[in-house]
Amino acid sequence: MLTSKKRIILNNQAPHKRRATFLERLHIDGYLLVLLMVLAAANLFILYSASGKNMELVNRQATFFIIGTVIMLAIAQFDPRFMARWVLIPYIIGVILLIIVDINGHNAMGAQRWLKIPGLIRFQPSEFMKIVVPATIAWYISRHSLPASFKHVVVSLVLTGIPFLLVLRQPDLGTSLLILAAGAFVIFIAGLRWSWIISAIVAIIPIAYGMWHFIMHDYQKHRVLTFINPESDPLGKGWNIIQSKAAIGSGGFWGKGWLEGTQSHLDFLPESHTDFVFALIGEEFGLFGVILLLTIYLLIIARCLMIAINAQTLFGKLLAGGLSMTFFVYVFVNIGMVSGLLPVVGVPLPLMSYGGTSVVTLLSSFGILMAIQTHRQWTTSIR
């Protein structure tokens, strides 16, 4: 029988573990859930203005959020080890769906990016590859010792490159680059030699040259040229970015007020409810609204990175880190292109632009992050 002195010594030597909270036992991360619901509410509020008070569009987006939230909470129930065991199956299915899109996909607005199930839904398989690709790379690399060898880096790049090229053919430069970035982030987090990193940077020049002359379509080249000098075609290719910057600048500090944006409501700003919704936010809510939105995004990214740091498996660390950085790139690219800092590549503002597939995909990725966070080994009690 232990004396009280011996109990004190053993308790001091035992590692400190805290009790799992009620939400964690339900596999829900409370911080992420609150921040995501705030973004969802803000999205519906802003979409009402951006769509010209179109309640049908708002209700449809609300339905997407409900579906996405249910899927997010369902995914959070799966142990990350289970995900790692079966991740190759959704990758293969995703590649097959991309091939079907390439052969017989639904064409809209000059791009063949959708699969249409008659009487049911129309969706973009490429959106789901933003999750599946980093998960597949994390699974593959976590099965080997770190830092990754040259062979494992090459295989990872091939696994990333197949969906990247299939999406690029649709053509969808923005989504293909996000898929490429998602895979590359996982490889980078796994550890790379500096010589490989420098070689990759040097290789960007010939790759960019090859893409410009042999891969990029004319309209994509125009976007890059317009980014450099939008005033060269103010009534054509440069119209969107000129009007976008005018909308953001006209908002001042406090903005013109909800439903009072002139650039968007008078149709000077195209796609104000999708890719250019950030410009409407800047116009109607000003610098104050922009800072508030960026703060929410920053808190989400910080929480995701914290989950990556605290993950207890290599697969979880790599996947959480890759998804966190991909979400950051998502935000950075959209705000950069709408503000005229980057070329327009058709990347929506995450959880703020209208779009069902994008919302469901993003919420699914947060479900994975919740699973990584809440399936850690907690104690049921602390003595």
# chains A, B, ... in the order shown; residues from 1 in each chain; ligands from 1
$ select_by_dssp --residues "region 80-283 of chain A" --states "strand (DSSP E or B)" --output "MDAnalysis selection string"
chainID A and resid 106:108 111:116 122:123
$ select_by_dssp --residues "region 71-293 of chain A" --states "alpha helix (DSSP H)" --output "ChimeraX atom specification"
/A:71-75,80-86,88-104,125-142,150-168,173-190,194-210,218-228,239-250,262-265,277-293
$ residues_around --residues "region 46-55 of chain A" --least-positions-apart "3" --cutoff "6 Å" --atoms "only C-alpha atoms" --output "PyMOL selection string"
chain A and resi 43+58-59+259+272-273
$ write_last_selection --atoms "C-alpha atoms" --output "short mmCIF file (atom, residue, chain, number, x, y, z; two decimals), in the first residue's frame"
data_model
loop_
_atom_site.label_atom_id
_atom_site.label_comp_id
_atom_site.auth_asym_id
_atom_site.auth_seq_id
_atom_site.Cartn_x
_atom_site.Cartn_y
_atom_site.Cartn_z
CA ASN A 43 -21.39 35.18 -45.91
CA VAL A 58 -29.11 33.13 -50.16
CA ASN A 59 -31.30 30.13 -49.28
CA LEU A 259 -26.79 47.47 -49.53
CA SER A 272 -19.54 40.55 -57.02
CA HIS A 273 -21.11 37.53 -55.30
#
$ closest_atom_pairs --of "region 165-206 of chain A" --to "region 337-360 of chain A" --cutoff "7 Å" --atoms "only C-alpha atoms" --output "CSV"
residue,atom,partner,partner_atom,distance
A:Leu173,CA,A:Val345,CA,6.2
A:Gly174,CA,A:Val345,CA,4.8
A:Thr175,CA,A:Val347,CA,6.9
$ closest_residue --among "A:Leu44, A:Gly249, A:Met129, A:Ile189" --to "Leu319 (chain A)" --atoms "only C-alpha atoms"
A:Ile189
$ residues_around --residues "region 68-79 of chain A" --least-positions-apart "5" --cutoff "12 Å" --atoms "only C-alpha atoms" --output "PyMOL selection string"
chain A and resi 23-30+32-34+36-37+40+61-63+84-86+312-313+315-316+351+355-377
$ closest_atom_pairs --of "region 153-265 of chain A" --to "region 133-146 of chain A" --cutoff "6 Å" --atoms "only C-alpha atoms" --output "tab-separated table"
residue	atom	partner	partner_atom	distance
A:Ser156	CA	A:Ile137	CA	5.8
A:Ala182	CA	A:Pro134	CA	5.5
A:Gly183	CA	A:Pro134	CA	4.9
$ residues_around --residues "Gln263 (chain A)" --least-positions-apart "5" --cutoff "9 Å" --atoms "only C-alpha atoms" --output "list in words"
Gln243, Ser244, Ala246, Ala247, Phe268, Leu269, Leu280 and Glu283 of chain A
$ write_last_selection --atoms "all heavy atoms" --output "PDB file, in the first residue's frame"
ATOM      1  N   GLN A 243     -12.427  48.158 -61.792  1.00  0.00           N
ATOM      2  CA  GLN A 243     -13.640  48.384 -61.012  1.00  0.00           C
ATOM      3  C   GLN A 243     -13.508  47.828 -59.590  1.00  0.00           C
ATOM      4  O   GLN A 243     -14.054  48.391 -58.638  1.00  0.00           O
ATOM      5  CB  GLN A 243     -14.844  47.739 -61.709  1.00  0.00           C
ATOM      6  CG  GLN A 243     -15.144  48.315 -63.076  1.00  0.00           C
ATOM      7  CD  GLN A 243     -15.390  49.820 -63.044  1.00  0.00           C
ATOM      8  OE1 GLN A 243     -16.012  50.333 -62.120  1.00  0.00           O
ATOM      9  NE2 GLN A 243     -14.882  50.526 -64.050  1.00  0.00           N
ATOM     10  N   SER A 244     -12.785  46.732 -59.480  1.00  0.00           N
ATOM     11  CA  SER A 244     -12.569  46.136 -58.161  1.00  0.00           C
ATOM     12  C   SER A 244     -11.779  47.078 -57.261  1.00  0.00           C
ATOM     13  O   SER A 244     -12.143  47.310 -56.100  1.00  0.00           O
ATOM     14  CB  SER A 244     -11.842  44.798 -58.305  1.00  0.00           C
ATOM     15  OG  SER A 244     -11.533  44.252 -57.046  1.00  0.00           O
ATOM     16  N   ALA A 246     -11.473  50.256 -57.635  1.00  0.00           N
ATOM     17  CA  ALA A 246     -12.284  51.454 -57.399  1.00  0.00           C
ATOM     18  C   ALA A 246     -13.291  51.211 -56.271  1.00  0.00           C
ATOM     19  O   ALA A 246     -13.519  52.081 -55.422  1.00  0.00           O
ATOM     20  CB  ALA A 246     -13.009  51.857 -58.679  1.00  0.00           C
ATOM     21  N   ALA A 247     -13.879  50.009 -56.248  1.00  0.00           N
ATOM     22  CA  ALA A 247     -14.850  49.675 -55.203  1.00  0.00           C
ATOM     23  C   ALA A 247     -14.188  49.636 -53.829  1.00  0.00           C
ATOM     24  O   ALA A 247     -14.711  50.197 -52.855  1.00  0.00           O
ATOM     25  CB  ALA A 247     -15.496  48.328 -55.511  1.00  0.00           C
ATOM     26  N   PHE A 268     -21.233  47.717 -62.177  1.00  0.00           N
ATOM     27  CA  PHE A 268     -19.884  48.050 -62.634  1.00  0.00           C
ATOM     28  C   PHE A 268     -18.911  46.924 -62.270  1.00  0.00           C
ATOM     29  O   PHE A 268     -17.916  46.716 -62.953  1.00  0.00           O
ATOM     30  CB  PHE A 268     -19.402  49.357 -62.005  1.00  0.00           C
ATOM     31  CG  PHE A 268     -20.046  50.572 -62.589  1.00  0.00           C
ATOM     32  CD1 PHE A 268     -21.062  51.238 -61.913  1.00  0.00           C
ATOM     33  CD2 PHE A 268     -19.654  51.057 -63.828  1.00  0.00           C
ATOM     34  CE1 PHE A 268     -21.663  52.366 -62.452  1.00  0.00           C
ATOM     35  CE2 PHE A 268     -20.247  52.182 -64.372  1.00  0.00           C
ATOM     36  CZ  PHE A 268     -21.259  52.843 -63.688  1.00  0.00           C
ATOM     37  N   LEU A 269     -19.208  46.225 -61.167  1.00  0.00           N
ATOM     38  CA  LEU A 269     -18.326  45.169 -60.671  1.00  0.00           C
ATOM     39  C   LEU A 269     -18.937  43.804 -60.976  1.00  0.00           C
ATOM     40  O   LEU A 269     -19.880  43.377 -60.319  1.00  0.00           O
ATOM     41  CB  LEU A 269     -18.126  45.325 -59.153  1.00  0.00           C
ATOM     42  CG  LEU A 269     -17.197  44.313 -58.478  1.00  0.00           C
ATOM     43  CD1 LEU A 269     -15.773  44.471 -58.999  1.00  0.00           C
ATOM     44  CD2 LEU A 269     -17.234  44.488 -56.965  1.00  0.00           C
ATOM     45  N   LEU A 280     -16.696  43.994 -52.820  1.00  0.00           N
ATOM     46  CA  LEU A 280     -17.961  44.485 -52.259  1.00  0.00           C
ATOM     47  C   LEU A 280     -17.830  44.708 -50.750  1.00  0.00           C
ATOM     48  O   LEU A 280     -18.352  45.688 -50.223  1.00  0.00           O
ATOM     49  CB  LEU A 280     -19.072  43.484 -52.544  1.00  0.00           C
ATOM     50  CG  LEU A 280     -20.450  43.862 -51.981  1.00  0.00           C
ATOM     51  CD1 LEU A 280     -21.542  43.645 -53.012  1.00  0.00           C
ATOM     52  CD2 LEU A 280     -20.760  43.039 -50.731  1.00  0.00           C
ATOM     53  N   GLU A 283     -16.071  47.916 -50.218  1.00  0.00           N
ATOM     54  CA  GLU A 283     -16.885  49.075 -50.562  1.00  0.00           C
ATOM     55  C   GLU A 283     -17.957  49.343 -49.512  1.00  0.00           C
ATOM     56  O   GLU A 283     -18.159  50.483 -49.088  1.00  0.00           O
ATOM     57  CB  GLU A 283     -17.542  48.870 -51.921  1.00  0.00           C
ATOM     58  CG  GLU A 283     -18.375  50.056 -52.369  1.00  0.00           C
ATOM     59  CD  GLU A 283     -19.054  49.833 -53.710  1.00  0.00           C
ATOM     60  OE1 GLU A 283     -19.280  48.663 -54.084  1.00  0.00           O
ATOM     61  OE2 GLU A 283     -19.364  50.833 -54.381  1.00  0.00           O
TER      62      GLU A 283
END
$ atom_distance --atom1 "CA of Val87 (chain A)" --atom2 "CA of Leu318 (chain A)"
13.9 Å
$ residues_around --residues "Ala181 (chain A)" --least-positions-apart "4" --cutoff "12 Å" --atoms "only C-alpha atoms" --output "PyMOL selection string"
chain A and resi 129-131+133-134+137+157+160-161+164+174-177+185-189+322-330+333
$ residues_around --residues "Val167 (chain A)" --least-positions-apart "5" --cutoff "12 Å" --atoms "only C-alpha atoms" --output "PyMOL selection string"
chain A and resi 94-102+105+111-114+124-130+160-162+172-180
$ atom_distance --atom1 "CA of Asn334 (chain A)" --atom2 "CA of Asp275 (chain A)"
7.3 Å
$ atom_distance --atom1 "CA of Gly252 (chain A)" --atom2 "CA of Phe285 (chain A)"
8.5 Å
